[in-house]
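Q: The structure file work11.tsv (TSV, C-alpha atoms) is provided below.
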chain	number	residue	atom	x	y	z
A	23	MET	CA	26.28	-71.26	88.93
A	24	LEU	CA	27.50	-74.62	90.06
A	25	TYR	CA	29.32	-76.20	92.89
A	26	THR	CA	32.70	-77.77	92.45
A	27	HIS	CA	32.60	-81.15	94.04
A	28	HIS	CA	36.26	-81.83	93.82
A	29	ARG	CA	38.96	-79.99	95.60
A	30	VAL	CA	42.67	-79.82	95.49
A	31	TYR	CA	44.20	-82.20	97.96
A	32	ARG	CA	46.03	-80.58	100.83
A	33	GLN	CA	48.37	-82.60	102.93
A	34	GLY	CA	48.60	-82.48	106.68
A	35	ALA	CA	45.71	-80.07	107.11
A	36	SER	CA	45.12	-81.06	110.71
A	37	ILE	CA	44.94	-77.49	112.01
A	38	VAL	CA	41.96	-75.70	110.57
A	39	GLU	CA	40.17	-72.40	111.03
A	40	PHE	CA	37.41	-72.42	113.61
A	41	GLN	CA	33.98	-71.64	112.16
A	42	ASP	CA	31.45	-69.82	114.32
A	43	TYR	CA	28.25	-71.40	113.04
A	44	TYR	CA	26.03	-69.24	115.26
A	45	GLN	CA	27.67	-66.12	113.88
A	46	SER	CA	27.30	-67.46	110.31
A	47	LEU	CA	23.55	-67.71	110.80
A	48	GLY	CA	23.31	-64.55	112.91
A	49	VAL	CA	21.59	-66.31	115.83
A	50	ALA	CA	22.28	-66.57	119.55
A	51	ARG	CA	23.81	-69.74	120.99
A	52	ASP	CA	20.49	-70.57	122.66
A	53	ALA	CA	18.41	-69.98	119.52
A	54	SER	CA	15.49	-72.36	119.02
A	55	PRO	CA	15.43	-74.77	116.05
A	56	GLU	CA	12.69	-72.59	114.53
A	57	ASP	CA	14.85	-69.47	114.84
A	58	ILE	CA	17.74	-71.30	113.23
A	59	LYS	CA	15.64	-72.50	110.35
A	60	ARG	CA	14.08	-69.07	109.81
A	61	SER	CA	17.45	-67.38	109.81
A	62	TYR	CA	18.94	-69.99	107.48
A	63	ARG	CA	16.09	-69.63	104.99
A	64	LYS	CA	16.37	-65.85	105.06
A	65	LEU	CA	20.11	-65.92	104.41
A	66	ALA	CA	19.82	-68.74	101.87
A	67	ARG	CA	17.32	-66.74	99.82
A	68	ARG	CA	19.65	-63.78	99.97
A	69	TYR	CA	22.89	-65.55	99.08
A	70	HIS	CA	21.78	-68.57	97.05
A	71	PRO	CA	23.98	-68.56	93.95
A	72	ASP	CA	20.96	-69.26	91.76
A	73	VAL	CA	19.10	-66.15	92.85
A	74	SER	CA	21.66	-63.78	94.32
A	75	GLN	CA	23.38	-60.84	92.70
A	76	GLU	CA	25.46	-60.13	95.80
A	77	ALA	CA	29.21	-60.14	95.53
A	78	ASP	CA	30.73	-63.30	97.01
A	79	ALA	CA	27.29	-64.92	97.22
A	80	GLU	CA	28.59	-68.43	96.55
A	81	ASN	CA	31.05	-68.39	99.46
A	82	ARG	CA	28.55	-66.80	101.81
A	83	PHE	CA	25.97	-69.40	100.87
A	84	LYS	CA	28.37	-72.28	101.48
A	85	GLU	CA	29.14	-70.87	104.91
A	86	VAL	CA	25.44	-70.55	105.73
A	87	ALA	CA	24.62	-74.04	104.39
A	88	GLU	CA	27.41	-75.59	106.44
A	89	ALA	CA	26.30	-73.80	109.58
A	90	TYR	CA	22.73	-74.98	109.03
A	91	ALA	CA	23.82	-78.56	108.36
A	92	VAL	CA	25.35	-78.64	111.83
A	93	LEU	CA	22.94	-76.51	113.86
A	94	SER	CA	19.78	-78.07	112.42
A	95	ASP	CA	20.89	-81.53	113.51
A	96	PRO	CA	20.41	-81.94	117.30
A	97	GLU	CA	23.28	-84.41	117.65
A	98	LYS	CA	25.75	-82.35	115.66
A	99	ARG	CA	24.67	-79.15	117.34
A	100	ALA	CA	25.22	-80.72	120.76
A	101	ALA	CA	28.65	-81.96	119.70
A	102	TYR	CA	29.52	-78.52	118.36
A	103	ASP	CA	28.27	-76.83	121.54
A	104	ARG	CA	30.56	-79.06	123.64
A	105	LEU	CA	33.53	-77.29	122.05
A	106	GLY	CA	32.57	-74.32	124.24
A	107	ALA	CA	31.64	-70.73	123.62
A	108	ASN	CA	35.12	-69.24	123.75
A	109	TRP	CA	36.19	-70.00	120.21
A	110	ARG	CA	36.30	-67.17	117.71
A	111	ALA	CA	35.83	-67.52	113.96
A	112	GLY	CA	39.14	-67.87	112.16
A	113	GLN	CA	41.14	-69.17	115.15
A	114	ASP	CA	43.43	-72.14	114.64
A	115	PHE	CA	41.53	-75.20	115.67
A	116	GLN	CA	42.22	-78.87	116.24
A	117	PRO	CA	39.55	-81.29	117.43
A	118	PRO	CA	40.06	-82.20	121.10
A	119	PRO	CA	41.67	-85.61	121.64
A	120	GLU	CA	38.50	-87.04	123.15
A	121	TRP	CA	36.54	-86.07	120.03
A	122	PRO	CA	34.69	-89.20	118.86
A	123	GLN	CA	36.05	-90.41	115.55
A	124	GLY	CA	33.81	-92.18	113.12
A	125	GLN	CA	30.59	-91.46	114.97
A	126	GLN	CA	28.20	-89.10	113.23
A	127	ARG	CA	29.02	-89.61	109.62
A	128	GLU	CA	25.99	-89.39	107.48
A	129	PHE	CA	26.82	-86.76	104.94
A	130	THR	CA	27.08	-87.70	101.35
A	131	ALA	CA	30.43	-87.18	99.72
A	132	GLU	CA	28.82	-84.52	97.56
A	133	GLU	CA	27.67	-82.49	100.56
A	134	ALA	CA	30.85	-82.84	102.54
A	135	ALA	CA	33.04	-81.83	99.61
A	136	GLN	CA	31.52	-78.35	99.76
A	137	PHE	CA	32.13	-77.89	103.43
A	138	SER	CA	35.14	-76.43	105.18
A	139	ASP	CA	38.18	-78.21	106.57
A	140	PHE	CA	36.82	-77.33	110.00
A	141	PHE	CA	33.67	-79.30	109.24
A	142	ASP	CA	35.76	-82.20	107.93
A	143	SER	CA	37.82	-82.27	111.09
A	144	LEU	CA	34.70	-82.57	113.26
A	145	PHE	CA	32.25	-84.60	111.25
A	146	GLY	CA	34.49	-86.61	109.00
A	147	GLY	CA	35.25	-85.32	105.60
A	148	ARG	CA	38.07	-87.05	103.86
A	149	GLN	CA	38.67	-90.10	105.96
A	150	GLY	CA	36.45	-92.88	107.11
A	151	ARG	CA	33.03	-91.57	106.26
A	152	ARG	CA	30.57	-94.42	106.43
A	153	GLY	CA	29.17	-95.18	103.06
A	154	PRO	CA	25.85	-96.57	101.96
A	155	ALA	CA	27.37	-100.05	101.78
A	156	SER	CA	27.74	-100.34	105.53
A	157	ALA	CA	24.41	-98.67	106.16
A	158	ALA	CA	22.33	-100.75	103.82
A	159	GLY	CA	24.17	-104.05	103.70
A	160	ALA	CA	26.95	-105.17	101.43
A	161	SER	CA	24.65	-106.87	98.95
A	162	MET	CA	23.18	-103.56	97.81
A	163	ARG	CA	24.04	-102.55	94.29
A	164	MET	CA	24.31	-98.91	93.50
A	165	ARG	CA	25.42	-96.95	90.48
A	166	GLY	CA	28.13	-94.44	91.36
A	167	GLN	CA	27.20	-90.81	91.82
A	168	ASP	CA	27.69	-88.36	89.02
A	169	GLN	CA	30.18	-85.73	89.95
A	170	HIS	CA	30.19	-82.12	88.87
A	171	ALA	CA	33.10	-79.79	88.63
A	172	ALA	CA	34.13	-76.74	86.69
A	173	ILE	CA	37.11	-76.44	84.43
A	174	GLU	CA	38.56	-73.08	83.48
A	175	ILE	CA	40.24	-72.88	80.12
A	176	SER	CA	41.90	-70.13	78.13
A	177	LEU	CA	40.48	-68.83	74.89
A	178	GLU	CA	43.48	-70.31	73.09
A	179	GLU	CA	42.58	-73.74	74.47
A	180	ALA	CA	38.96	-73.29	73.39
A	181	TYR	CA	40.13	-72.37	69.92
A	182	HIS	CA	42.74	-75.05	69.37
A	183	GLY	CA	41.53	-77.74	71.76
A	184	SER	CA	43.90	-78.99	74.43
A	185	THR	CA	44.78	-81.81	76.75
A	186	ARG	CA	44.44	-80.93	80.39
A	187	GLN	CA	45.40	-82.77	83.51
A	188	LEU	CA	42.77	-82.70	86.22
A	189	SER	CA	43.33	-83.51	89.87
A	190	LEU	CA	40.22	-84.92	91.43
A	191	GLN	CA	39.43	-86.07	94.87
A	192	THR	CA	36.82	-88.76	94.78
A	193	PRO	CA	35.41	-90.98	97.48
A	194	GLU	CA	36.10	-94.68	97.24
A	195	LEU	CA	35.05	-97.57	99.42
A	196	ASP	CA	37.95	-99.33	101.10
A	197	SER	CA	37.99	-102.98	102.16
A	198	GLN	CA	36.23	-102.13	105.46
A	199	GLY	CA	33.36	-100.50	103.62
A	200	GLN	CA	34.43	-96.99	104.63
A	201	TRP	CA	34.57	-94.04	102.30
A	202	VAL	CA	38.09	-92.77	101.87
A	203	ALA	CA	39.23	-89.93	99.68
A	204	ARG	CA	41.52	-90.82	96.82
A	205	GLU	CA	43.32	-88.39	94.64
A	206	ARG	CA	43.30	-89.17	90.98
A	207	HIS	CA	44.85	-87.56	87.97
A	208	LEU	CA	43.04	-87.61	84.72
A	209	ASP	CA	44.17	-86.44	81.31
A	210	VAL	CA	41.28	-84.98	79.41
A	211	ARG	CA	41.22	-83.92	75.83
A	212	ILE	CA	39.13	-80.79	75.47
A	213	PRO	CA	37.80	-80.57	71.93
A	214	ALA	CA	38.33	-77.40	69.91
A	215	GLY	CA	35.35	-75.04	69.89
A	216	VAL	CA	34.02	-75.55	73.42
A	217	ARG	CA	32.18	-72.56	74.79
A	218	ALA	CA	31.59	-71.12	78.24
A	219	GLY	CA	28.67	-72.78	79.99
A	220	GLN	CA	28.90	-76.01	78.05
A	221	GLN	CA	29.02	-79.26	79.90
A	222	ILE	CA	31.48	-81.92	79.02
A	223	ARG	CA	31.00	-85.47	80.17
A	224	LEU	CA	33.61	-88.04	81.02
A	225	ALA	CA	31.79	-91.33	81.10
A	226	GLY	CA	32.60	-93.57	84.05
A	227	GLN	CA	34.82	-91.03	85.79
A	228	GLY	CA	32.41	-90.05	88.56
A	229	GLY	CA	31.94	-91.74	91.92
A	230	PRO	CA	32.46	-95.49	92.06
A	231	GLY	CA	29.48	-97.80	92.03
A	232	ILE	CA	28.84	-100.66	94.40
A	233	GLU	CA	28.79	-103.73	92.17
A	234	ALA	CA	27.53	-101.40	89.50
A	235	PRO	CA	28.96	-98.94	87.00
A	236	ALA	CA	30.66	-95.77	88.16
A	237	GLY	CA	28.93	-92.43	87.73
A	238	ASP	CA	29.94	-89.87	85.16
A	239	LEU	CA	32.03	-86.79	85.65
A	240	TYR	CA	30.56	-83.56	84.33
A	241	LEU	CA	32.71	-80.53	83.81
A	242	GLU	CA	31.23	-77.12	83.21
A	243	VAL	CA	33.43	-75.09	80.94
A	244	ARG	CA	34.45	-71.67	82.14
A	245	LEU	CA	36.39	-69.34	79.93
A	246	ARG	CA	39.16	-67.29	81.50
A	247	PRO	CA	38.78	-63.64	80.45
A	248	HIS	CA	41.20	-62.79	77.67
A	249	PRO	CA	43.18	-59.54	77.69
A	250	ARG	CA	42.53	-58.88	73.99
A	251	TYR	CA	39.44	-60.78	72.87
A	252	ARG	CA	35.84	-60.41	73.88
A	253	VAL	CA	33.70	-63.50	73.47
A	254	ASP	CA	30.04	-63.71	72.48
A	255	GLY	CA	29.03	-67.30	71.84
A	256	ARG	CA	31.31	-68.40	69.03
A	257	ASP	CA	31.96	-64.83	67.88
A	258	LEU	CA	35.08	-63.00	68.95
A	259	SER	CA	35.92	-59.32	68.83
A	260	LEU	CA	39.33	-57.81	68.89
A	261	ASP	CA	40.43	-54.18	69.12
A	262	VAL	CA	43.10	-53.31	66.58
A	263	PRO	CA	44.93	-50.00	66.99
A	264	LEU	CA	45.39	-47.89	63.84
A	265	ALA	CA	47.40	-44.76	63.10
A	266	PRO	CA	45.16	-41.89	61.94
A	267	TRP	CA	46.63	-42.05	58.42
A	268	GLU	CA	45.97	-45.81	58.20
A	269	ALA	CA	42.33	-45.15	59.06
A	270	ALA	CA	42.09	-42.17	56.68
A	271	LEU	CA	44.00	-43.52	53.71
A	272	GLY	CA	43.21	-47.19	54.10
A	273	GLY	CA	45.67	-49.95	53.38
A	274	ASP	CA	46.77	-53.41	54.36
A	275	ILE	CA	47.66	-54.09	57.98
A	276	GLU	CA	48.78	-57.29	59.73
A	277	VAL	CA	46.66	-58.62	62.57
A	278	ASP	CA	47.55	-61.47	64.92
A	279	THR	CA	44.53	-63.72	65.43
A	280	LEU	CA	44.10	-66.99	67.31
A	281	GLY	CA	44.44	-68.77	63.97
A	282	GLY	CA	47.66	-66.98	63.05
A	283	ARG	CA	48.68	-63.71	61.44
A	284	ILE	CA	46.38	-62.38	58.72
A	285	GLN	CA	46.38	-59.46	56.28
A	286	LEU	CA	43.49	-57.10	56.69
A	287	THR	CA	42.55	-54.43	54.16
A	288	VAL	CA	41.34	-51.29	55.90
A	289	PRO	CA	39.03	-49.27	53.65
A	290	PRO	CA	39.85	-45.57	53.25
A	291	ASN	CA	38.01	-43.16	55.57
A	292	SER	CA	37.44	-45.79	58.26
A	293	ALA	CA	35.97	-44.19	61.36
A	294	ASN	CA	37.16	-44.97	64.87
A	295	GLY	CA	35.20	-47.94	66.21
A	296	ARG	CA	34.46	-49.39	62.77
A	297	ARG	CA	33.77	-53.13	62.98
A	298	MET	CA	35.06	-55.43	60.27
A	299	ARG	CA	33.74	-58.98	60.14
A	300	LEU	CA	36.05	-61.85	59.30
A	301	LYS	CA	33.67	-64.67	58.54
A	302	GLY	CA	34.46	-68.04	60.08
A	303	ARG	CA	37.51	-66.82	62.01
A	304	GLY	CA	35.84	-66.99	65.43
A	305	LEU	CA	35.68	-70.13	67.56
A	306	PRO	CA	35.45	-73.35	65.55
A	307	GLY	CA	32.11	-75.14	65.26
A	308	GLN	CA	29.25	-75.93	62.91
A	309	PRO	CA	29.08	-73.17	61.74
A	310	PRO	CA	32.22	-71.52	63.06
A	311	GLY	CA	31.90	-68.10	64.67
A	312	ASP	CA	33.08	-64.83	63.18
A	313	LEU	CA	35.90	-62.58	64.23
A	314	TYR	CA	35.07	-58.89	64.51
A	315	VAL	CA	37.98	-56.52	64.26
A	316	VAL	CA	37.19	-53.18	65.88
A	317	LEU	CA	39.37	-50.37	64.56
A	318	GLN	CA	40.75	-48.10	67.26
A	319	VAL	CA	42.39	-44.97	65.97
A	320	VAL	CA	45.30	-43.96	68.18
A	321	LEU	CA	46.66	-40.41	68.00
A	322	PRO	CA	50.41	-39.93	67.98
A	323	PRO	CA	51.40	-37.54	70.78
A	324	ALA	CA	52.43	-34.03	69.79
A	325	ASN	CA	55.59	-34.22	71.85
A	326	THR	CA	58.28	-33.28	69.32
A	327	PRO	CA	58.66	-30.10	67.26
A	328	LYS	CA	58.09	-32.17	64.10
A	329	ALA	CA	54.88	-33.72	65.38
A	330	ARG	CA	53.61	-30.35	66.53
A	331	GLU	CA	54.38	-28.91	63.14
A	332	LEU	CA	52.44	-31.65	61.36
A	333	TYR	CA	49.41	-31.16	63.62
A	334	GLU	CA	49.62	-27.41	63.09
A	335	THR	CA	49.70	-27.91	59.32
A	336	MET	CA	46.59	-30.06	59.52
A	337	ALA	CA	44.85	-27.55	61.77
A	338	ARG	CA	45.65	-24.79	59.30
A	339	GLU	CA	45.00	-26.55	56.05
A	340	LEU	CA	42.18	-29.00	56.78
A	341	ALA	CA	38.88	-27.24	57.16
A	342	PHE	CA	37.79	-29.73	59.82
A	343	ASN	CA	35.50	-29.06	62.74
A	344	PRO	CA	34.51	-32.30	64.52
A	345	ARG	CA	31.67	-30.46	66.33
A	346	ALA	CA	30.18	-28.94	63.22
B	27	MET	CA	51.74	-92.82	79.23
B	28	ARG	CA	48.36	-92.44	80.79
B	29	ASN	CA	45.20	-92.93	78.82
B	30	VAL	CA	43.78	-89.71	77.50
B	31	MET	CA	40.03	-89.47	77.79
B	32	THR	CA	38.10	-87.70	75.13
B	33	ALA	CA	35.50	-85.34	76.47
B	34	VAL	CA	32.00	-85.47	75.07
B	35	VAL	CA	30.61	-81.98	74.66
B	36	LEU	CA	27.00	-81.70	75.69
B	37	ASP	CA	25.92	-78.75	73.62
B	38	ASP	CA	22.77	-77.43	72.02
B	39	THR	CA	22.55	-80.43	69.71
B	40	HIS	CA	22.61	-83.06	72.47
B	41	ARG	CA	19.27	-84.65	73.41
B	42	TRP	CA	18.12	-86.38	76.59
B	43	THR	CA	15.18	-88.70	77.23
B	44	LEU	CA	13.16	-88.35	80.44
B	45	ALA	CA	15.13	-91.17	82.09
B	46	GLN	CA	18.45	-89.68	81.03
B	47	LEU	CA	17.38	-86.26	82.31
B	48	CYS	CA	16.58	-87.79	85.73
B	49	ASP	CA	19.96	-89.48	85.71
B	50	VAL	CA	21.95	-86.45	84.68
B	51	CYS	CA	20.24	-84.16	87.20
B	52	GLN	CA	20.01	-86.81	89.96
B	53	VAL	CA	16.30	-86.28	90.52
B	54	SER	CA	13.36	-88.66	90.63
B	55	GLU	CA	11.03	-89.13	87.69
B	56	SER	CA	7.97	-88.12	89.72
B	57	TRP	CA	9.61	-84.83	90.71
B	58	LEU	CA	10.55	-84.16	87.09
B	59	ILE	CA	6.93	-84.76	86.06
B	60	GLU	CA	5.89	-82.16	88.66
B	61	LEU	CA	8.23	-79.66	87.02
B	62	LEU	CA	6.77	-80.55	83.62
B	63	ASP	CA	3.23	-80.05	84.95
B	64	GLU	CA	4.19	-76.61	86.25
B	65	GLY	CA	5.78	-75.70	82.93
B	66	VAL	CA	9.24	-75.25	84.46
B	67	ILE	CA	10.63	-77.33	81.61
B	68	GLU	CA	9.13	-78.29	78.31
B	69	PRO	CA	10.04	-81.19	76.05
B	70	LEU	CA	11.15	-80.28	72.56
B	71	PRO	CA	8.25	-79.94	70.14
B	72	GLY	CA	7.59	-82.77	67.73
B	73	SER	CA	8.72	-85.57	70.01
B	74	ARG	CA	5.60	-87.73	69.93
B	75	SER	CA	6.50	-91.24	70.99
B	76	GLU	CA	9.00	-90.14	73.62
B	77	TRP	CA	9.76	-86.86	75.32
B	78	VAL	CA	13.08	-85.32	74.35
B	79	PHE	CA	14.90	-82.55	76.19
B	80	ASP	CA	17.82	-80.27	75.43
B	81	ILE	CA	20.59	-78.64	77.45
B	82	THR	CA	18.45	-75.72	78.62
B	83	CYS	CA	16.21	-78.26	80.39
B	84	VAL	CA	19.25	-79.80	82.09
B	85	ARG	CA	20.32	-76.39	83.39
B	86	ARG	CA	16.78	-75.56	84.52
B	87	VAL	CA	16.20	-78.84	86.31
B	88	ARG	CA	19.54	-78.54	88.13
B	89	ARG	CA	18.71	-75.01	89.16
B	90	ALA	CA	15.23	-76.07	90.26
B	91	HIS	CA	16.72	-78.94	92.24
B	92	ARG	CA	19.10	-76.60	94.08
B	93	LEU	CA	16.26	-74.19	94.90
B	94	HIS	CA	14.22	-77.10	96.23
B	95	ARG	CA	17.08	-78.57	98.26
B	96	ASP	CA	18.47	-75.33	99.67
B	97	LEU	CA	15.42	-73.11	100.02
B	98	GLY	CA	12.67	-75.69	100.46
B	99	VAL	CA	10.66	-74.33	97.53
B	100	ASN	CA	8.02	-76.64	96.01
B	101	ALA	CA	7.32	-77.05	92.29
B	102	PRO	CA	4.81	-74.16	91.91
B	103	GLY	CA	7.16	-71.94	93.92
B	104	ILE	CA	10.08	-72.92	91.71
B	105	ALA	CA	8.04	-72.11	88.61
B	106	LEU	CA	7.27	-68.66	90.01
B	107	ALA	CA	10.85	-68.04	91.16
B	108	LEU	CA	12.35	-69.03	87.81
B	109	GLN	CA	9.83	-66.91	85.93
B	110	LEU	CA	10.70	-63.88	88.05
B	111	LEU	CA	14.43	-64.58	87.71
B	112	ASP	CA	14.07	-64.81	83.93
B	113	GLU	CA	12.21	-61.52	83.96
B	114	LEU	CA	14.87	-59.92	86.13
B	115	GLU	CA	17.60	-61.16	83.83
B	116	ARG	CA	15.76	-59.73	80.83
B	117	LEU	CA	15.37	-56.34	82.54
B	118	ARG	CA	19.03	-56.28	83.44
B	119	GLY	CA	19.84	-56.51	79.76
B	120	GLY	CA	20.11	-60.18	78.91
B	121	ARG	CA	23.23	-60.79	80.89
For the file at hand, write its structure as structure tokens.
A:
Amino acid sequence: MLYTHHRVYRQGASIVEFQDYYQSLGVARDASPEDIKRSYRKLARRYHPDVSQEADAENRFKEVAEAYAVLSDPEKRAAYDRLGANWRAGQDFQPPPEWPQGQQREFTAEEAAQFSDFFDSLFGGRQGRRGPASAAGASMRMRGQDQHAAIEISLEEAYHGSTRQLSLQTPELDSQGQWVARERHLDVRIPAGVRAGQQIRLAGQGGPGIEAPAGDLYLEVRLRPHPRYRVDGRDLSLDVPLAPWEAALGGDIEVDTLGGRIQLTVPPNSANGRRMRLKGRGLPGQPPGDLYVVLQVVLPPANTPKARELYETMARELAFNPRA
Amino acid sequence: MRNVMTAVVLDDTHRWTLAQLCDVCQVSESWLIELLDEGVIEPLPGSRSEWVFDITCVRRVRRAHRLHRDLGVNAPGIALALQLLDELERLRGGR
């Protein structure tokens, strides 16, 4: 599991959904810091994407982590409490006009990128977050942060390779030493043969450095489920429907694969579910994977007099009992 | 026409030194040594002059780092948690 540290840029998102942080952590508004921590830890252990099997764990965990980030910090909690107790989760929300801008901004870009628009609107997400330059003096040199994101590709793209355009939102320091979000587009060539779970690195495309090199951008490859193929490492399997006589008599059939149409010789008396291995026709690599064709015998319906007659002939003349 | 970047695939054949592993996972060297001492990660065998790590170590260190950051678990606790998670994964059928 990983966190995506970039997000699609949304314009004019000044009205956001109110988040009830006390509800997220399941504590009362007057809960003690110890209660808050205990409740956070309990929920974090339950929903942490690295340990949880619960459905929607990742989103629940983000919600809990955001709530804890605010309620565990006395200043932020006080600021949040000043909004009043009448707000309900999910209500349209805009920070009040007197809300201090540019005050409590000490989240790293990486943390803030995971949090909600509501959090951004209160504690500074996209605009004007104070960066380490202003905190530690302009002479400080710092390599840019590595950024992590996920990229979802189709099986066809994994097989053939592809060029993808990514939209990234990355923090940059402006001339006043403030972090501002910039949207960037990046064309990335994905090599043929990438597999789910692999990391790909784009050198120098992470967060900017301060008088030092930029960080790297890491993309974790996710494979979109394919309607026809199942994927196991570099091996692929594909169900191919057969008429009963093709399975019984054998013969050549045409099969569409990712690498193009191929001729496949079905041996006589092939049983339903028979797997045929086509060496090297899986995902490319060293060595390339194999393609398994799984034969699926499909029965023609007995819905015409002719079809019924043929089935009846078989029933009469073939001494065949599948339960014998 | 924009420049097209070529992605470098970090797969099973890619190798990291200790310093590179710290860099990639954004953790300190001393914390990584703690994980090594607890057996959370192991360098590849045969690397005598310098420790060398593979992609499974990168995944494990990142996971360990998240457990530490989000759940406050220390190195021995992480070692235990990961061992139990591995066991659980095995019992569930290697998914």
Q: Taking every listed atom of region 95-112 of chain B and adding 5 Å to each side, what centre and edge lengths in Å (one decimal) does the axis-aligned box have, as JSON?
A:
{"center_x": 11.6, "center_y": -71.2, "center_z": 92.2, "size_x": 23.7, "size_y": 24.7, "size_z": 26.5}
Q: What is the distance, in Å and to one decimal place, between CA of Leu280 (chain A) and CA of Ile81 (chain B)?
A: 28.1 Å
Q: Do you have the CA of Gln220 (chain A)-CA of Leu245 (chain A) distance handy?
A: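 The value is 10.2 Å.
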Q: From the options B:Ala101, B:Asp96, B:His91, B:Leu111, which residue's atoms come nearest to Val50 (chain B), counting all atoms listed in the file?
A: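 The shortest atom-to-atom distance to Val50 (chain B) comes from B:His91.
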Q: In terms of the shortest atom-to-atom distance over only C-alpha atoms, which of A:Ala180, A:Leu332, A:Val202, A:Leu224 is closest to Leu305 (chain A)?
A: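 Checking each candidate against Leu305 (chain A), we get A:Ala180 as the closest.
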Q: Find the nearest atom pair between each residue of chain A and chain B for residues within 10 Å, count all atoms listed in the file, give distances in Å to one decimal, sort rows by chain and ascending number, and present the table as a Markdown table.
A:
| residue | atom | partner | partner_atom | distance |
| --- | --- | --- | --- | --- |
| A:Met23 | CA | B:Arg89 | CA | 8.5 |
| A:Leu24 | CA | B:Arg89 | CA | 8.8 |
| A:Tyr62 | CA | B:Leu97 | CA | 8.8 |
| A:Arg63 | CA | B:Leu97 | CA | 6.1 |
| A:Lys64 | CA | B:Leu97 | CA | 8.9 |
| A:Leu65 | CA | B:Leu97 | CA | 9.6 |
| A:Ala66 | CA | B:Leu97 | CA | 6.5 |
| A:Arg67 | CA | B:Leu97 | CA | 6.7 |
| A:His70 | CA | B:Asp96 | CA | 8.0 |
| A:Pro71 | CA | B:Arg92 | CA | 9.4 |
| A:Asp72 | CA | B:Arg89 | CA | 6.7 |
| A:Val73 | CA | B:Leu111 | CA | 7.1 |
| A:Ser74 | CA | B:Leu111 | CA | 9.8 |
| A:Phe83 | CA | B:Asp96 | CA | 9.6 |
| A:Ala87 | CA | B:Asp96 | CA | 7.9 |
| A:Gln167 | CA | B:Gln52 | CA | 8.4 |
| A:Asp168 | CA | B:Val50 | CA | 7.4 |
| A:Gln169 | CA | B:Val50 | CA | 9.8 |
| A:Thr185 | CA | B:Val30 | CA | 8.0 |
| A:Arg186 | CA | B:Val30 | CA | 9.3 |
| A:Gln187 | CA | B:Val30 | CA | 9.3 |
| A:His207 | CA | B:Arg28 | CA | 9.4 |
| A:Leu208 | CA | B:Val30 | CA | 7.6 |
| A:Asp209 | CA | B:Val30 | CA | 5.0 |
| A:Val210 | CA | B:Met31 | CA | 4.9 |
| A:Arg211 | CA | B:Thr32 | CA | 5.0 |
| A:Ile212 | CA | B:Ala33 | CA | 5.9 |
| A:Pro213 | CA | B:Ala33 | CA | 7.0 |
| A:Gly215 | CA | B:Val35 | CA | 9.7 |
| A:Val216 | CA | B:Val35 | CA | 7.4 |
| A:Arg217 | CA | B:Asp37 | CA | 8.9 |
| A:Gly219 | CA | B:Asp37 | CA | 9.2 |
| A:Gln220 | CA | B:Asp37 | CA | 6.0 |
| A:Gln221 | CA | B:Leu36 | CA | 5.3 |
| A:Ile222 | CA | B:Val35 | CA | 4.4 |
| A:Arg223 | CA | B:Val34 | CA | 5.2 |
| A:Leu224 | CA | B:Ala33 | CA | 5.6 |
| A:Ala225 | CA | B:Val34 | CA | 8.4 |
| A:Gln227 | CA | B:Met31 | CA | 9.7 |
| A:Gly237 | CA | B:Asp49 | CA | 9.7 |
| A:Asp238 | CA | B:Val50 | CA | 8.7 |
| A:Leu239 | CA | B:Ala33 | CA | 9.9 |
| A:Tyr240 | CA | B:Val50 | CA | 9.1 |
| A:Leu241 | CA | B:Ala33 | CA | 9.2 |
| A:Glu242 | CA | B:Leu36 | CA | 9.8 |
| A:Val243 | CA | B:Val35 | CA | 9.7 |
Q: Under the rule that only C-alpha atoms are counted, which of A:Ala79, A:Asp103, A:Lys328, A:Gly295 is the nearest residue to Tyr44 (chain A)?
A: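 Comparing A:Ala79, A:Asp103, A:Lys328, A:Gly295 against Tyr44 (chain A), the winner is A:Asp103.
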Q: Which value, in Å to one decimal, gives the distance between CA of Gly307 (chain A) and CA of Cys83 (chain B)?
A: 22.2 Å
Q: Nearest to Arg95 (chain B): which of B:Trp77, B:Pro71, B:Leu61, B:Val53 is it, counting only C-alpha atoms?
A: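 Among the listed residues, B:Val53 lies closest to Arg95 (chain B).
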Q: Measuring between all atoms listed in the file, which one of A:Phe40, A:Arg338, A:Glu56, A:Tyr314 shows the shortest distance to Asp254 (chain A)?
A: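 Of A:Phe40, A:Arg338, A:Glu56, A:Tyr314, the one nearest Asp254 (chain A) is A:Tyr314, counting all atoms listed in the file.
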Q: Excluding region 281-294 of chain A and its own-chain neighbours fewer than 3 positions away, which residues fall within 10 Å of it when counting only C-alpha atoms? Please give them as a PyMOL selection string.
A: chain A and resi 178+181-182+263-264+266-278+297-298+300+303-305+315-320
Q: I'd like the neighbourhood of Arg99 (chain A) as a VMD selection string, where a residue qualifies if any of its atoms comes within 12 Å (using only C-alpha atoms), though same-chain residues fewer than 2 positions away should be ignored.
A: chain A and resid 42 to 44 51 to 55 58 88 to 97 101 to 106 126 144 to 145
Q: Just the residues within 12 Å of Trp57 (chain B), please, counting all atoms listed in the file, with nothing from its chain fewer than 5 positions along; format it as an MDAnalysis selection string.
A: chainID B and resid 44 47:48 51:52 62:64 66:67 87 90:91 94 100:102 104
